[in-house]
Amino acid sequence: MSVCVASNTYTVSDPFISSLEMLILGDSIYNTTKFDSHALHLVARHSFGHNGSIIRYPDDQFDRYWQPYEENVSVTASKKIPAVSGFWNIPPSKVFETALSTAQLESMELRWPPFSLPNSTYYIALYFADNSDSMSSNSRVIDMHINDVRYYSNLVLSSEGAAVFATRWPLGGLTKITLSPAANSNGSPLINAGEIFDVLRLGGRTHTRDVIALEELKNSLRNPPLDWNGDPCLPRDYTWTGVKCSEGERTRVISLNLTGMGLLGSLSPSIANLTALNGIWLSNNSLSGVIPDLSSLKLLEILHLQDNQLTGEIPSSLGEMKSLRELFLQNNNLTGRIPDSLIGRPGLEVRTSGNQFLSPPPS
């Protein structure tokens, strides 16, 4: 996992990070979210009726923070705590020790979260468990509305508990949650806990093959650019030095320009896996070794490798690259013969002076 810490319009100093914590969640935790394309940003997480300290580890095995929350309604204590192992998102059992309820068989309104929300799409999870004596004959059935829009109907509450969640719910401004006894209920509504997240669409990521290829190229250089870490193309304002990327959801590396960077090392054969490249500018460095086979770069138009310390022969495959328009190899230590396919080809400019060829360079 790579993390990018960058400045934004609110930043008045260099960006920094003091600490970073990572927790492994179970497979059943928030797994209705497609995390390859979206993220969840916590907005509020409360234990309703709880007035003590924040509930966290070890009560919550995932060390989530459940804030205390009291409303101007009745708080009831539970006589039986449900087993949470079967709950969706596995909330801590401690949140079921208290609940908000009504003294009468009437509706209950909560202003939750207790602040205004920006217009967005939210993931909402609400948790319930009937706190009455298991021998009671009461049947607690509730209807739920959020901002007067039906959220769930005829939820039968039992001591085993239930979780009701929505993966994409539009909200904005203050939020009102209304819990009402259903027509067939003879018990008042209650609620134990709730979570709400802003559903954020991720900005995408660079094509995996391109990332691997650039990482291998980085490893072949003794002094790669200092910012060659993380995703090469994203965020857009912080692409790697010398790397230009395509727009759109399928992000590819389309050019590589590290001219005059004083690079030491060799050209990794993995550069041939950057199949969306249309230009490579690596001139005026101190690169050594041979030129790898680049025949897989079908879109490559420009290849500038002049003023380095490259050795070996020019790969004959370069002459098979139909899109190539500029091939600059002058002032290296290349030997052998210039492939016939590169000599006099219309539309292709080849420069090879300053090497040690057995045949004269193209005019």
# chains A, B, ... in the order shown; residues from 1 in each chain; ligands from 1
>>> select_by_dssp(residues="segment 122-213 of chain A", states="strand (DSSP E or B)", output="ChimeraX atom specification")
/A:122-128,140-146,149-157,162-173,176-181,190-191,193-201,206
>>> write_last_selection(atoms="C-alpha atoms", output="compact mmCIF listing (two decimals), in the first residue's frame")
# COMPACT_ATOMS: atom_id res chain seq x y z
CA TYR A 122 -23.88 7.88 2.22
CA TYR A 123 -23.57 4.39 3.65
CA ILE A 124 -25.87 4.08 6.66
CA ALA A 125 -25.91 1.18 9.14
CA LEU A 126 -28.31 1.05 12.10
CA TYR A 127 -28.20 -1.60 14.84
CA PHE A 128 -31.07 -2.91 16.96
CA ARG A 140 -41.59 -5.08 18.88
CA VAL A 141 -41.95 -4.21 15.18
CA ILE A 142 -40.82 -0.87 13.78
CA ASP A 143 -40.96 1.19 10.60
CA MET A 144 -38.08 3.51 9.74
CA HIS A 145 -37.94 6.75 7.74
CA ILE A 146 -35.00 9.02 6.99
CA VAL A 149 -38.43 8.75 3.09
CA ARG A 150 -39.16 5.12 3.89
CA TYR A 151 -35.94 3.36 4.92
CA TYR A 152 -37.28 0.00 6.14
CA SER A 153 -40.67 -1.43 7.08
CA ASN A 154 -41.84 -4.05 9.54
CA LEU A 155 -38.49 -4.78 11.16
CA VAL A 156 -39.16 -7.38 13.83
CA LEU A 157 -36.80 -6.86 16.75
CA ALA A 162 -30.57 -6.94 13.62
CA ALA A 163 -28.59 -4.59 11.40
CA VAL A 164 -30.24 -2.53 8.67
CA PHE A 165 -28.01 -0.75 6.19
CA ALA A 166 -28.16 1.21 2.95
CA THR A 167 -25.10 1.31 0.71
CA ARG A 168 -26.04 4.43 -1.29
CA TRP A 169 -28.41 6.88 0.38
CA PRO A 170 -28.50 10.54 -0.74
CA LEU A 171 -28.39 13.05 2.11
CA GLY A 172 -27.75 16.76 2.60
CA GLY A 173 -28.24 19.17 5.47
CA LYS A 176 -34.02 13.21 10.76
CA ILE A 177 -34.48 9.53 11.58
CA THR A 178 -38.00 8.53 12.51
CA LEU A 179 -38.70 5.17 14.17
CA SER A 180 -42.37 4.28 14.49
CA PRO A 181 -44.19 1.27 15.92
CA LEU A 190 -35.73 1.56 20.04
CA ILE A 191 -32.26 1.86 18.54
CA ALA A 193 -26.21 2.23 17.56
CA GLY A 194 -25.55 3.73 14.16
CA GLU A 195 -22.78 4.41 11.64
CA ILE A 196 -22.75 6.68 8.64
CA PHE A 197 -20.03 7.03 6.00
CA ASP A 198 -19.59 9.28 3.02
CA VAL A 199 -19.17 7.07 -0.06
CA LEU A 200 -16.22 8.45 -2.00
CA ARG A 201 -15.41 7.51 -5.54
CA THR A 206 -2.46 3.45 -12.96
>>> residues_around(residues="segment 256-261 of chain A", least_positions_apart="2", cutoff="8 Å", atoms="only C-alpha atoms", output="JSON, numbers by chain")
{"A": [241, 242, 243, 244, 253, 254, 263, 277, 279, 280, 281, 282, 283, 284, 285]}
>>> atom_distance(atom1="atom CA of Ile338 of chain A", atom2="atom CA of Glu313 of chain A")
7.9 Å
>>> residues_around(residues="Thr352 of chain A", least_positions_apart="2", cutoff="9 Å", atoms="only C-alpha atoms", output="JSON, numbers by chain")
{"A": [306, 327, 328, 329, 330, 331, 332, 334, 338, 350, 354, 355, 357, 361, 362]}
>>> write_last_selection(atoms="all heavy atoms", output="compact mmCIF listing (two decimals), in the first residue's frame")
# COMPACT_ATOMS: atom_id res chain seq x y z
N GLN A 306 20.36 9.39 -27.08
CA GLN A 306 21.67 9.94 -27.37
C GLN A 306 22.37 10.44 -26.11
O GLN A 306 21.74 10.70 -25.09
CB GLN A 306 21.56 11.08 -28.40
CG GLN A 306 20.90 12.36 -27.91
CD GLN A 306 19.40 12.38 -28.13
OE1 GLN A 306 18.76 11.33 -28.14
NE2 GLN A 306 18.85 13.59 -28.30
N LEU A 327 14.71 8.24 -34.18
CA LEU A 327 15.58 7.32 -33.45
C LEU A 327 16.94 8.00 -33.32
O LEU A 327 17.72 8.04 -34.26
CB LEU A 327 15.70 5.99 -34.19
CG LEU A 327 16.66 4.96 -33.57
CD1 LEU A 327 16.22 4.59 -32.15
CD2 LEU A 327 16.76 3.71 -34.44
N PHE A 328 17.20 8.55 -32.13
CA PHE A 328 18.44 9.30 -31.89
C PHE A 328 19.31 8.48 -30.94
O PHE A 328 18.96 8.27 -29.77
CB PHE A 328 18.14 10.66 -31.27
CG PHE A 328 17.43 11.63 -32.19
CD1 PHE A 328 17.07 12.89 -31.75
CD2 PHE A 328 17.12 11.28 -33.50
CE1 PHE A 328 16.42 13.78 -32.59
CE2 PHE A 328 16.46 12.17 -34.36
CZ PHE A 328 16.12 13.42 -33.90
N LEU A 329 20.46 8.02 -31.47
CA LEU A 329 21.36 7.15 -30.70
C LEU A 329 22.79 7.68 -30.69
O LEU A 329 23.71 6.97 -30.24
CB LEU A 329 21.36 5.74 -31.31
CG LEU A 329 20.00 5.03 -31.39
CD1 LEU A 329 20.14 3.71 -32.12
CD2 LEU A 329 19.43 4.79 -29.99
N GLN A 330 23.01 8.88 -31.13
CA GLN A 330 24.37 9.38 -31.27
C GLN A 330 25.08 9.51 -29.92
O GLN A 330 24.45 9.65 -28.88
CB GLN A 330 24.38 10.72 -32.03
CG GLN A 330 23.65 11.87 -31.36
CD GLN A 330 22.19 11.98 -31.80
OE1 GLN A 330 21.53 10.99 -32.03
NE2 GLN A 330 21.71 13.23 -31.90
N ASN A 331 26.44 9.43 -30.02
CA ASN A 331 27.31 9.63 -28.85
C ASN A 331 27.07 8.61 -27.75
O ASN A 331 26.86 8.94 -26.58
CB ASN A 331 27.17 11.05 -28.30
CG ASN A 331 27.51 12.11 -29.33
OD1 ASN A 331 28.42 11.93 -30.13
ND2 ASN A 331 26.75 13.21 -29.33
N ASN A 332 27.06 7.33 -28.14
CA ASN A 332 27.08 6.22 -27.20
C ASN A 332 28.30 5.35 -27.52
O ASN A 332 29.25 5.82 -28.16
CB ASN A 332 25.78 5.41 -27.30
CG ASN A 332 24.64 6.06 -26.53
OD1 ASN A 332 24.58 5.99 -25.31
ND2 ASN A 332 23.72 6.70 -27.26
N LEU A 334 27.88 2.20 -29.02
CA LEU A 334 27.23 1.13 -29.75
C LEU A 334 28.18 0.58 -30.82
O LEU A 334 28.99 1.31 -31.40
CB LEU A 334 25.94 1.64 -30.39
CG LEU A 334 24.88 2.15 -29.40
CD1 LEU A 334 23.74 2.82 -30.16
CD2 LEU A 334 24.36 1.01 -28.54
N ILE A 338 24.47 -1.25 -38.42
CA ILE A 338 23.15 -0.63 -38.35
C ILE A 338 22.20 -1.50 -39.17
O ILE A 338 22.47 -1.81 -40.33
CB ILE A 338 23.18 0.79 -38.91
CG1 ILE A 338 24.13 1.66 -38.09
CG2 ILE A 338 21.77 1.40 -38.92
CD1 ILE A 338 24.34 3.04 -38.64
N VAL A 350 16.94 8.89 -38.42
CA VAL A 350 17.87 8.11 -37.60
C VAL A 350 19.17 8.88 -37.46
O VAL A 350 19.75 9.34 -38.45
CB VAL A 350 18.14 6.73 -38.22
CG1 VAL A 350 19.11 5.94 -37.35
CG2 VAL A 350 16.84 5.96 -38.42
N GLY A 354 28.94 9.22 -33.71
CA GLY A 354 29.59 9.17 -32.41
C GLY A 354 29.55 7.80 -31.78
O GLY A 354 29.68 7.68 -30.55
N ASN A 355 29.37 6.73 -32.60
CA ASN A 355 29.42 5.36 -32.11
C ASN A 355 30.54 4.61 -32.83
O ASN A 355 31.41 5.23 -33.48
CB ASN A 355 28.06 4.68 -32.30
CG ASN A 355 27.01 5.21 -31.33
OD1 ASN A 355 27.00 4.87 -30.17
ND2 ASN A 355 26.13 6.09 -31.83
N PHE A 357 30.30 1.88 -35.24
CA PHE A 357 29.67 0.94 -36.13
C PHE A 357 30.65 0.44 -37.20
O PHE A 357 31.61 1.14 -37.58
CB PHE A 357 28.45 1.59 -36.80
CG PHE A 357 27.37 1.96 -35.83
CD1 PHE A 357 27.00 3.29 -35.66
CD2 PHE A 357 26.75 0.98 -35.07
CE1 PHE A 357 26.01 3.63 -34.76
CE2 PHE A 357 25.76 1.33 -34.17
CZ PHE A 357 25.39 2.64 -34.01
N PRO A 361 27.10 5.39 -40.68
CA PRO A 361 25.75 5.76 -40.24
C PRO A 361 24.95 6.37 -41.37
O PRO A 361 25.52 6.84 -42.37
CB PRO A 361 26.02 6.79 -39.15
CG PRO A 361 27.35 7.38 -39.50
CD PRO A 361 28.14 6.27 -40.14
N PRO A 362 23.63 6.35 -41.27
CA PRO A 362 22.79 6.98 -42.28
C PRO A 362 23.14 8.46 -42.38
O PRO A 362 23.51 9.11 -41.42
CB PRO A 362 21.37 6.76 -41.77
CG PRO A 362 21.49 5.63 -40.80
CD PRO A 362 22.85 5.72 -40.21
>>> residues_around(residues="Ser286 of chain A", least_positions_apart="2", cutoff="6 Å", atoms="only C-alpha atoms", output="list in words")
Leu263, Leu264, Asn308 and Gln309 of chain A
>>> residues_around(residues="Arg250 of chain A", least_positions_apart="5", cutoff="9 Å", atoms="only C-alpha atoms", output="MDAnalysis selection string")
chainID A and resid 204:207
>>> write_last_selection(atoms="all heavy atoms", output="mmCIF file, in the first residue's frame")
data_model
loop_
_atom_site.group_PDB
_atom_site.id
_atom_site.type_symbol
_atom_site.label_atom_id
_atom_site.label_comp_id
_atom_site.auth_asym_id
_atom_site.auth_seq_id
_atom_site.Cartn_x
_atom_site.Cartn_y
_atom_site.Cartn_z
ATOM 1 N N GLY A 204 -9.240 6.358 -9.290
ATOM 2 C CA GLY A 204 -8.648 5.382 -10.190
ATOM 3 C C GLY A 204 -7.217 5.083 -9.806
ATOM 4 O O GLY A 204 -6.703 5.537 -8.784
ATOM 5 N N ARG A 205 -6.554 4.321 -10.651
ATOM 6 C CA ARG A 205 -5.154 3.997 -10.413
ATOM 7 C C ARG A 205 -4.509 3.649 -11.745
ATOM 8 O O ARG A 205 -5.172 3.304 -12.712
ATOM 9 C CB ARG A 205 -5.022 2.830 -9.436
ATOM 10 C CG ARG A 205 -5.727 1.559 -9.879
ATOM 11 C CD ARG A 205 -5.664 0.505 -8.797
ATOM 12 N NE ARG A 205 -6.399 -0.697 -9.177
ATOM 13 C CZ ARG A 205 -6.563 -1.743 -8.386
ATOM 14 N NH1 ARG A 205 -6.058 -1.737 -7.178
ATOM 15 N NH2 ARG A 205 -7.245 -2.794 -8.796
ATOM 16 N N THR A 206 -3.204 3.736 -11.745
ATOM 17 C CA THR A 206 -2.460 3.447 -12.960
ATOM 18 C C THR A 206 -2.533 1.952 -13.272
ATOM 19 O O THR A 206 -2.554 1.117 -12.367
ATOM 20 C CB THR A 206 -1.001 3.879 -12.784
ATOM 21 O OG1 THR A 206 -0.967 5.255 -12.400
ATOM 22 C CG2 THR A 206 -0.217 3.702 -14.069
ATOM 23 N N HIS A 207 -2.579 1.647 -14.568
ATOM 24 C CA HIS A 207 -2.635 0.263 -15.013
ATOM 25 C C HIS A 207 -1.526 -0.551 -14.320
ATOM 26 O O HIS A 207 -0.364 -0.132 -14.281
ATOM 27 C CB HIS A 207 -2.459 0.207 -16.529
ATOM 28 C CG HIS A 207 -2.806 -1.104 -17.146
ATOM 29 N ND1 HIS A 207 -2.005 -2.214 -17.037
ATOM 30 C CD2 HIS A 207 -3.876 -1.496 -17.883
ATOM 31 C CE1 HIS A 207 -2.559 -3.228 -17.682
ATOM 32 N NE2 HIS A 207 -3.693 -2.816 -18.193
#
>>> residues_around(residues="Arg325 of chain A", least_positions_apart="2", cutoff="12 Å", atoms="only C-alpha atoms", output="ChimeraX atom specification")
/A:278-280,299-304,318-323,327-328,342,345-351
>>> closest_residue(among="A:Asp148, A:Leu174, A:Ile81, A:Ser93", to="Pro118 of chain A", atoms="only C-alpha atoms")
A:Leu174
>>> residues_around(residues="Phe48 of chain A", least_positions_apart="3", cutoff="10 Å", atoms="only C-alpha atoms", output="PyMOL selection string")
chain A and resi 45+51+66-71+75-76+95-101+127+190-194
>>> select_by_dssp(residues="segment 179-291 of chain A", states="helix (DSSP H, G or I)", output="PDB file with C-alpha atoms, in the first residue's frame")
ATOM      1  CA  THR A 208      -0.962  -2.489 -12.953  1.00  0.00           C
ATOM      2  CA  ARG A 209       1.383  -3.561 -15.756  1.00  0.00           C
ATOM      3  CA  ASP A 210       2.647   0.009 -16.115  1.00  0.00           C
ATOM      4  CA  VAL A 211       3.253   0.326 -12.373  1.00  0.00           C
ATOM      5  CA  ILE A 212       5.245  -2.915 -12.301  1.00  0.00           C
ATOM      6  CA  ALA A 213       7.252  -1.893 -15.371  1.00  0.00           C
ATOM      7  CA  LEU A 214       8.187   1.480 -13.876  1.00  0.00           C
ATOM      8  CA  GLU A 215       9.087  -0.122 -10.545  1.00  0.00           C
ATOM      9  CA  GLU A 216      11.467  -2.477 -12.367  1.00  0.00           C
ATOM     10  CA  LEU A 217      12.906   0.438 -14.337  1.00  0.00           C
ATOM     11  CA  LYS A 218      13.392   2.284 -11.058  1.00  0.00           C
ATOM     12  CA  ASN A 219      15.255  -0.707  -9.625  1.00  0.00           C
ATOM     13  CA  SER A 220      17.586  -0.753 -12.640  1.00  0.00           C
ATOM     14  CA  ARG A 236      -2.911  13.969 -11.232  1.00  0.00           C
ATOM     15  CA  ASP A 237      -1.051  16.906  -9.713  1.00  0.00           C
ATOM     16  CA  TYR A 238       1.637  14.611  -8.313  1.00  0.00           C
ATOM     17  CA  PRO A 269      13.769  -4.770 -20.363  1.00  0.00           C
ATOM     18  CA  SER A 270      10.543  -4.053 -18.476  1.00  0.00           C
ATOM     19  CA  ILE A 271      10.302  -0.717 -20.301  1.00  0.00           C
ATOM     20  CA  ALA A 272       8.916  -2.780 -23.186  1.00  0.00           C
ATOM     21  CA  ASN A 273       5.840  -3.500 -21.039  1.00  0.00           C
TER      22      ASN A 273
END
>>> atom_distance(atom1="atom CA of Arg64 of chain A", atom2="atom CA of Asp231 of chain A")
28.3 Å
>>> closest_residue(among="A:Ala182, A:Ala6, A:Val84, A:Leu274", to="Gly161 of chain A", atoms="only C-alpha atoms")
A:Val84
>>> decode(residues="segment 177-188 of chain A", atoms="N, CA, C and O atoms", output="mmCIF file, in the first residue's frame")
data_model
loop_
_atom_site.group_PDB
_atom_site.id
_atom_site.type_symbol
_atom_site.label_atom_id
_atom_site.label_comp_id
_atom_site.auth_asym_id
_atom_site.auth_seq_id
_atom_site.Cartn_x
_atom_site.Cartn_y
_atom_site.Cartn_z
ATOM 1 N N ILE A 177 -34.133 10.957 11.603
ATOM 2 C CA ILE A 177 -34.476 9.532 11.581
ATOM 3 C C ILE A 177 -35.725 9.331 12.426
ATOM 4 O O ILE A 177 -35.749 9.707 13.602
ATOM 5 N N THR A 178 -36.739 8.760 11.818
ATOM 6 C CA THR A 178 -38.000 8.526 12.512
ATOM 7 C C THR A 178 -38.230 7.026 12.646
ATOM 8 O O THR A 178 -38.226 6.296 11.645
ATOM 9 N N LEU A 179 -38.400 6.576 13.875
ATOM 10 C CA LEU A 179 -38.698 5.174 14.171
ATOM 11 C C LEU A 179 -40.120 5.111 14.727
ATOM 12 O O LEU A 179 -40.427 5.757 15.728
ATOM 13 N N SER A 180 -40.962 4.342 14.085
ATOM 14 C CA SER A 180 -42.371 4.276 14.488
ATOM 15 C C SER A 180 -42.773 2.836 14.741
ATOM 16 O O SER A 180 -42.311 1.918 14.044
ATOM 17 N N PRO A 181 -43.659 2.625 15.735
ATOM 18 C CA PRO A 181 -44.189 1.272 15.919
ATOM 19 C C PRO A 181 -45.063 0.887 14.732
ATOM 20 O O PRO A 181 -45.906 1.668 14.283
ATOM 21 N N ALA A 182 -44.814 -0.278 14.187
ATOM 22 C CA ALA A 182 -45.635 -0.762 13.078
ATOM 23 C C ALA A 182 -47.040 -1.089 13.574
ATOM 24 O O ALA A 182 -47.299 -1.163 14.782
ATOM 25 N N ALA A 183 -47.946 -1.282 12.632
ATOM 26 C CA ALA A 183 -49.350 -1.526 12.988
ATOM 27 C C ALA A 183 -49.514 -2.754 13.859
ATOM 28 O O ALA A 183 -50.420 -2.815 14.704
ATOM 29 N N ASN A 184 -48.655 -3.755 13.692
ATOM 30 C CA ASN A 184 -48.782 -5.005 14.435
ATOM 31 C C ASN A 184 -47.844 -5.066 15.636
ATOM 32 O O ASN A 184 -47.566 -6.138 16.171
ATOM 33 N N SER A 185 -47.325 -3.910 16.054
ATOM 34 C CA SER A 185 -46.385 -3.874 17.170
ATOM 35 C C SER A 185 -47.100 -3.505 18.462
ATOM 36 O O SER A 185 -47.979 -2.645 18.475
ATOM 37 N N ASN A 186 -46.684 -4.149 19.562
ATOM 38 C CA ASN A 186 -47.167 -3.710 20.874
ATOM 39 C C ASN A 186 -45.999 -3.328 21.775
ATOM 40 O O ASN A 186 -46.109 -3.337 23.002
ATOM 41 N N GLY A 187 -44.869 -2.998 21.129
ATOM 42 C CA GLY A 187 -43.711 -2.501 21.858
ATOM 43 C C GLY A 187 -43.221 -1.222 21.215
ATOM 44 O O GLY A 187 -43.367 -0.999 20.008
ATOM 45 N N SER A 188 -42.652 -0.326 22.020
ATOM 46 C CA SER A 188 -42.176 0.958 21.509
ATOM 47 C C SER A 188 -40.890 0.769 20.705
ATOM 48 O O SER A 188 -40.154 -0.201 20.889
#
